[in-house]
Protein chains: 2
Amino acid sequence: MLWRLDGVPGAAGIALVSYAAAPMRILILGGDGYLGWPTALRFSARGHEVSVVDNFSRRRWHKEHGTASLTPIGELEQRIEAWCEVSGDRIRSYVGAVEDGDFLEEVVAETRPEAVVHYGEQPSAPYSMLSRERAVETQHTNVIGNLNLLFSIRDQVPDCHLVKLGTMGEYGQPNIDIEEGYIEIEHKGRRDTLPFPKLPGSLYHCSKVHDSTNIHFACRTWGLRATDLNQGVVYGVETEETAGDDRLINRFDYDELFGTVLNRFCVQAVIGHPLTVYGSGGQTRGFLNIRDTLQCVELAVANPADRGEFRVYNQFTEQFSVMELAQLVKQAAEHLGYSVEIQHVENPRVEKEEHYYNATHTKLLDLGLEPTLLGEELVASIIHAIERHKAHVIESAIDPRTRWNPAKSPAGQA
Amino acid sequence: MLWRLDGVPGAAGIALVSYAAAPMRILILGGDGYLGWPTALRFSARGHEVSVVDNFSRRRWHKEHGTASLTPIGELEQRIEAWCEVSGDRIRSYVGAVEDGDFLEEVVAETRPEAVVHYGEQPSAPYSMLSRERAVETQHTNVIGNLNLLFSIRDQVPDCHLVKLGTMGEYGQPNIDIEEGYIEIEHKGRRDTLPFPKLPGSLYHCSKVHDSTNIHFACRTWGLRATDLNQGVVYGVETEETAGDDRLINRFDYDELFGTVLNRFCVQAVIGHPLTVYGSGGQTRGFLNIRDTLQCVELAVANPADRGEFRVYNQFTEQFSVMELAQLVKQAAEHLGYSVEIQHVENPRVEKEEHYYNATHTKLLDLGLEPTLLGEELVASIIHAIERHKAHVIESAIDPRTRWNPAKSPAGQA
């Protein structure tokens with residue numbers, strides 16, 4: 001099992017990549033999820049000793065909303081068993097909630113990870129805006145889980161590298177270029193490099209800002225080492241390891257709560273539902289393929305932050321507006337024989353629809369990231385993956401019902 | 001009952017103050033506390049309809065640590081009864097936790113406040129650094145309580161003005177001037193005014209940063225109106241209303257967890273304990289008298305933010321280094337006949353001891369704040385207030401035992 005990425009020269013022409021030559025103990029929180037499961041397989045395939053933690057809250061949230069993954073995923077233990085058959089490698093699993101600090105501390109003490117990849121959070125912006133109860137659940141799960149993890153690392157494995165999934169949505173839509181975590185500010189004749197100001201766009205995004213604040217504090221105060229991956233919107237279904245065997249298939253969400261925009265558009269195209277663009281569709285964001293998520297996480301783990309360092313990467317490969325994506329999906333699907341309509345619906349979110357957006361994202365490229373760029377062919381491959389399961393699409397779960405400001409909604413009370 | 005502050009010209013020479021001429025319904029969260037109780041009396045004395053919420057967690061935390069307020073405060077109901085006898089005005093009270101969203105929503109629905117003054121949080125930096133459990137308690141109490149409040153205001157009284165107690169400690173010690181909540185940044189030829197970057201100095205301070213992020217989001221998204229008071233370190237014992245009757249006396253903390261630095265120095269001088277300066281004492285912060293806290297809160301309530309506006313004031317009147325305060329207390333106490341020694345102890349915190357510090361604080365002055373400046377006479381008055389109760393000082397509770405980084409402490413394990 002070798003790392004493929006050896007010797008990749010960085011932007012300055014110097015080989016910047018350092019290698020985890022020896023197998024590492026890697027703990028993945030949220031290891032049953034859309035990113036957690038393929039990440040676990042990837043590190044296991046590379047010969048690392050992988051443990052996963054999950055409490056299946058994503059499956060529970062789906063049940064509560066009458067939805068499910070489009071792809072028929074097995075139970076975690078079945079998937080792990082299948083992976084063991086396929087690869088000969090065993091992944092350890094721990095079932096429990098990161099909000100339970102004693103549980104998490106025991107897991108960390110037992111697994112003694114050299115790197116923790118933390119995906120174990122409530123990941124949906126609309127879910128966090130559903131109600132007070134869901135907002136509180138989101139911030140409690142995310143902030144307290146992450147805080148527990150910081151203490152467990154401090155007290156059990158202080159040299160461990162925390163690789164934390166953040167989001168580009170922490171920055172919001174400022175009228176200046178977005179930098180990678182920090183910005184040098186000159187002010188009244190003095191100068192400092194400070195955390196980049198944040199304008200999060202939902203209570204979920206707020207929770208990720210809170211996490212970043214706590215992790216930064218832990219690095220400054222306890223000398224922990226952490227990398228925050230401010231990820232763009234992910235699309236795609238399969239990765240190298242999940243595609244090999246039906247029992248290893250990855251989850252795929254398309255519903256209003258957990259589906260991301262490109263995945264949703266592809267499902268809509270396949271079932272003959274108009275592509276629903278929220279508002280004008282001028283909203284611009286960073287995007288990346290799920291295969292690149294794995295590359296980025298591997299690069300982050302292979303290049304640990306220093307003790308006391310809070311490193312921040314903007315993890316995406318391309319910027320698109322929502323309309324650009326809708327047009328790309330329409331074109332790709334029409335070439336496959338589908339008839340596709342684009343429909344503008346009232347924007348359920350409170351956000352700028354026409355705005356400046358330019359976010360720096362060079363640090364992961366410097367480490368050797370080789371982007372998988374989005375084009376018609378890639379959209380076609382997502383569409384083909386969806387076609388296998390189209391009979392299971394729950395159409396009523398797609399349209400947005402969660403409004404950011406209920407008082408402004410036709411369905412609202414005010 | 002009239003407002004005293006009418007017609008005060010602002011810095012630009014224009015009368016900037018607008019008046020709450022009519023009595024308002026004001027809800028005070030944390031109304032049994034060091035700031036909450038005198039604030040409740042002040043607004044009641046001004047003729048407003050005041051309700052308070054408290055769950056007595058401050059009293060509970062003291063019990064758990066074997067400490068107590070130096071001043072012998074009565075139970076909340078006794079204090080309210082005494083105030084009613086003295087003033088003829090009744091304050092309504094609700095006993096419960098702001099973390100309980102249903103409880104808080106009922107209180108807000110019943111009292112229908114026009115302004116909520118939110119002090120109902122765990123207020124101690126050292127407390128938040130005691131252990132994982134205390135850190136989690138702090139962030140849960142503060143973040144979830146505040147989030148519940150935002151939803152209650154949105155759903156019950158969307159026009160209500162939230163006046164939230166923040167802290168200057170949210171900003172930390174940047175190498176540039178600290179502005180009031182926002183900073184205009186010019187970057188790569190573009191410009192925006194964005195939230196001032198934060199470098200909070202404890203997990204308590206982090207929780208206040210989280211609150212500010214959530215409140216700002218609620219203002220942008222739901223059109224709430226809010227004022228965040230980033231307060232400096234408060235000192236002093238009594239206010240106009242609490243000083244009138246022993247039954248109305250305010251709480252006064254001097255222990256390592258809840259005592260603030262100047263109050264602690266005054267107690268140390270009175271009991272003949274050296275003034276314990278953490279490290280070199282070059283740490284500089286903003287300070288204000290508790291009487292000025294009340295002025296500031298009155299000004300904030302009388303000048304509500306606009307709908308959708310998140311207003312931020314830096315609430316302090318003077319900057320001092322810790323050594324300057326120690327020297328001032330030594331001088332004042334020696335003039336009263338005490339013999340005072342200053343002792344440098346190992347700094348239990350992780351913070352810069354020599355640093356640039358210059359924080360803007362003009363907005364409250366522009367509204368009419370008349371600062372009570374710190375001098376020997378004022379220190380003498382605090383010392384006299386302490387002398388009445390000196391027999392009750394628990395000396396063992398003063399010295400710092402809570403270390404920001406246990407691994408670096410002699411008492412630590414690493």
# chains A, B, ... in the order shown; residues from 1 in each chain; ligands from 1
$ select_by_dssp --residues "stretch 178-236 of chain A" --states "alpha helix (DSSP H)" --output "NGL selection string"
:A and (203-222)
$ write_last_selection --atoms "N, CA, C and O atoms" --output "CSV table (one decimal), in the first residue's frame"
chain,number,residue,atom,x,y,z
A,203,LEU,N,-27.9,28.7,10.6
A,203,LEU,CA,-27.5,28.3,12.0
A,203,LEU,C,-26.6,27.1,12.0
A,203,LEU,O,-25.7,27.0,12.9
A,204,TYR,N,-26.7,26.3,11.0
A,204,TYR,CA,-25.7,25.2,10.8
A,204,TYR,C,-24.3,25.9,10.5
A,204,TYR,O,-23.3,25.5,11.1
A,205,HIS,N,-24.3,26.8,9.5
A,205,HIS,CA,-23.0,27.5,9.2
A,205,HIS,C,-22.4,28.2,10.4
A,205,HIS,O,-21.2,28.2,10.6
A,206,CYS,N,-23.3,28.8,11.2
A,206,CYS,CA,-22.9,29.5,12.5
A,206,CYS,C,-22.2,28.4,13.3
A,206,CYS,O,-21.1,28.7,13.9
A,207,SER,N,-22.7,27.2,13.4
A,207,SER,CA,-22.1,26.2,14.3
A,207,SER,C,-20.7,25.9,13.8
A,207,SER,O,-19.8,25.6,14.7
A,208,LYS,N,-20.5,25.9,12.5
A,208,LYS,CA,-19.1,25.6,12.0
A,208,LYS,C,-18.2,26.8,12.3
A,208,LYS,O,-17.0,26.6,12.6
A,209,VAL,N,-18.7,28.0,12.3
A,209,VAL,CA,-17.9,29.2,12.8
A,209,VAL,C,-17.5,29.0,14.2
A,209,VAL,O,-16.3,29.2,14.6
A,210,HIS,N,-18.5,28.6,15.1
A,210,HIS,CA,-18.2,28.3,16.5
A,210,HIS,C,-17.1,27.3,16.6
A,210,HIS,O,-16.2,27.5,17.4
A,211,ASP,N,-17.2,26.2,15.9
A,211,ASP,CA,-16.2,25.2,15.9
A,211,ASP,C,-14.8,25.8,15.6
A,211,ASP,O,-13.8,25.5,16.3
A,212,SER,N,-14.7,26.5,14.6
A,212,SER,CA,-13.4,27.1,14.2
A,212,SER,C,-12.9,28.0,15.3
A,212,SER,O,-11.7,27.9,15.6
A,213,THR,N,-13.7,28.8,15.9
A,213,THR,CA,-13.3,29.6,17.0
A,213,THR,C,-12.7,28.8,18.2
A,213,THR,O,-11.7,29.1,18.7
A,214,ASN,N,-13.4,27.7,18.5
A,214,ASN,CA,-13.0,26.8,19.6
A,214,ASN,C,-11.7,26.1,19.3
A,214,ASN,O,-10.8,26.0,20.1
A,215,ILE,N,-11.6,25.6,18.0
A,215,ILE,CA,-10.3,24.9,17.6
A,215,ILE,C,-9.1,25.8,17.6
A,215,ILE,O,-8.1,25.5,18.1
A,216,HIS,N,-9.3,27.0,17.1
A,216,HIS,CA,-8.3,28.0,17.1
A,216,HIS,C,-7.8,28.3,18.5
A,216,HIS,O,-6.6,28.3,18.8
A,217,PHE,N,-8.8,28.5,19.4
A,217,PHE,CA,-8.4,28.7,20.8
A,217,PHE,C,-7.6,27.6,21.3
A,217,PHE,O,-6.6,27.8,22.0
A,218,ALA,N,-8.0,26.3,21.1
A,218,ALA,CA,-7.3,25.2,21.6
A,218,ALA,C,-5.9,25.1,21.1
A,218,ALA,O,-5.0,24.7,21.8
A,219,CYS,N,-5.7,25.5,19.8
A,219,CYS,CA,-4.3,25.5,19.3
A,219,CYS,C,-3.5,26.5,19.9
A,219,CYS,O,-2.3,26.2,20.3
A,220,ARG,N,-4.0,27.7,20.1
A,220,ARG,CA,-3.3,28.8,20.7
A,220,ARG,C,-3.0,28.5,22.2
A,220,ARG,O,-1.9,28.8,22.7
A,221,THR,N,-3.9,27.8,22.9
A,221,THR,CA,-3.8,27.7,24.3
A,221,THR,C,-3.2,26.4,24.8
A,221,THR,O,-2.4,26.4,25.7
A,222,TRP,N,-3.5,25.3,24.1
A,222,TRP,CA,-3.0,24.0,24.5
A,222,TRP,C,-2.0,23.5,23.6
A,222,TRP,O,-1.5,22.4,23.8
$ select_by_dssp --residues "stretch 124-346 of chain A" --states "strand (DSSP E)" --output "PyMOL selection string"
chain A and resi 161-167+182-187+190-195+225-231+233-235+275-278+284-289+310-315+318-321+342-345
$ residues_around --residues "B:Phe287" --least-positions-apart "3" --cutoff "8 Å" --atoms "only C-alpha atoms" --output "count of residues only"
9
$ closest_atom_pairs --of "chain A" --to "chain B" --cutoff "6 Å" --atoms "only C-alpha atoms" --output "JSON lines"
{"residue": "A:Asn175", "atom": "CA", "partner": "B:Asp192", "partner_atom": "CA", "distance": 5.5}
{"residue": "A:Ile176", "atom": "CA", "partner": "B:Arg190", "partner_atom": "CA", "distance": 5.5}
{"residue": "A:Arg190", "atom": "CA", "partner": "B:Ile176", "partner_atom": "CA", "distance": 5.5}
{"residue": "A:Asp192", "atom": "CA", "partner": "B:Asn175", "partner_atom": "CA", "distance": 5.5}
{"residue": "A:Pro195", "atom": "CA", "partner": "B:Pro197", "partner_atom": "CA", "distance": 5.6}
{"residue": "A:Pro197", "atom": "CA", "partner": "B:Pro197", "partner_atom": "CA", "distance": 5.4}
{"residue": "A:His210", "atom": "CA", "partner": "B:His210", "partner_atom": "CA", "distance": 5.4}
{"residue": "A:Thr221", "atom": "CA", "partner": "B:Val350", "partner_atom": "CA", "distance": 6.0}
{"residue": "A:Trp222", "atom": "CA", "partner": "B:Asn405", "partner_atom": "CA", "distance": 5.6}
{"residue": "A:Val350", "atom": "CA", "partner": "B:Thr221", "partner_atom": "CA", "distance": 6.0}
{"residue": "A:Asn405", "atom": "CA", "partner": "B:Trp222", "partner_atom": "CA", "distance": 5.6}
$ residues_around --residues "B:Ser124" --least-positions-apart "2" --cutoff "7 Å" --atoms "only C-alpha atoms" --output "count of residues only"
7
$ closest_residue --among "A:Val107, A:Ala45, A:Ile26, A:Ala332" --to "A:Glu240" --atoms "only C-alpha atoms"
A:Ala45
$ residues_around --residues "stretch 260-262 of chain B" --least-positions-apart "2" --cutoff "9 Å" --atoms "only C-alpha atoms" --output "VMD selection string"
chain B and resid 233 to 236 253 to 258 264 to 267 277 322 325 to 326 329 379
$ residues_around --residues "B:Gly244" --least-positions-apart "4" --cutoff "12 Å" --atoms "only C-alpha atoms" --output "list in words"
Pro38, Leu41, Ala82, Trp83, Val86, Ser87, Glu238, Thr239, Glu240, Leu248, Ile249 and Asn250 of chain B
$ residues_around --residues "A:Val52" --least-positions-apart "5" --cutoff "6 Å" --atoms "only C-alpha atoms" --output "count of residues only"
5
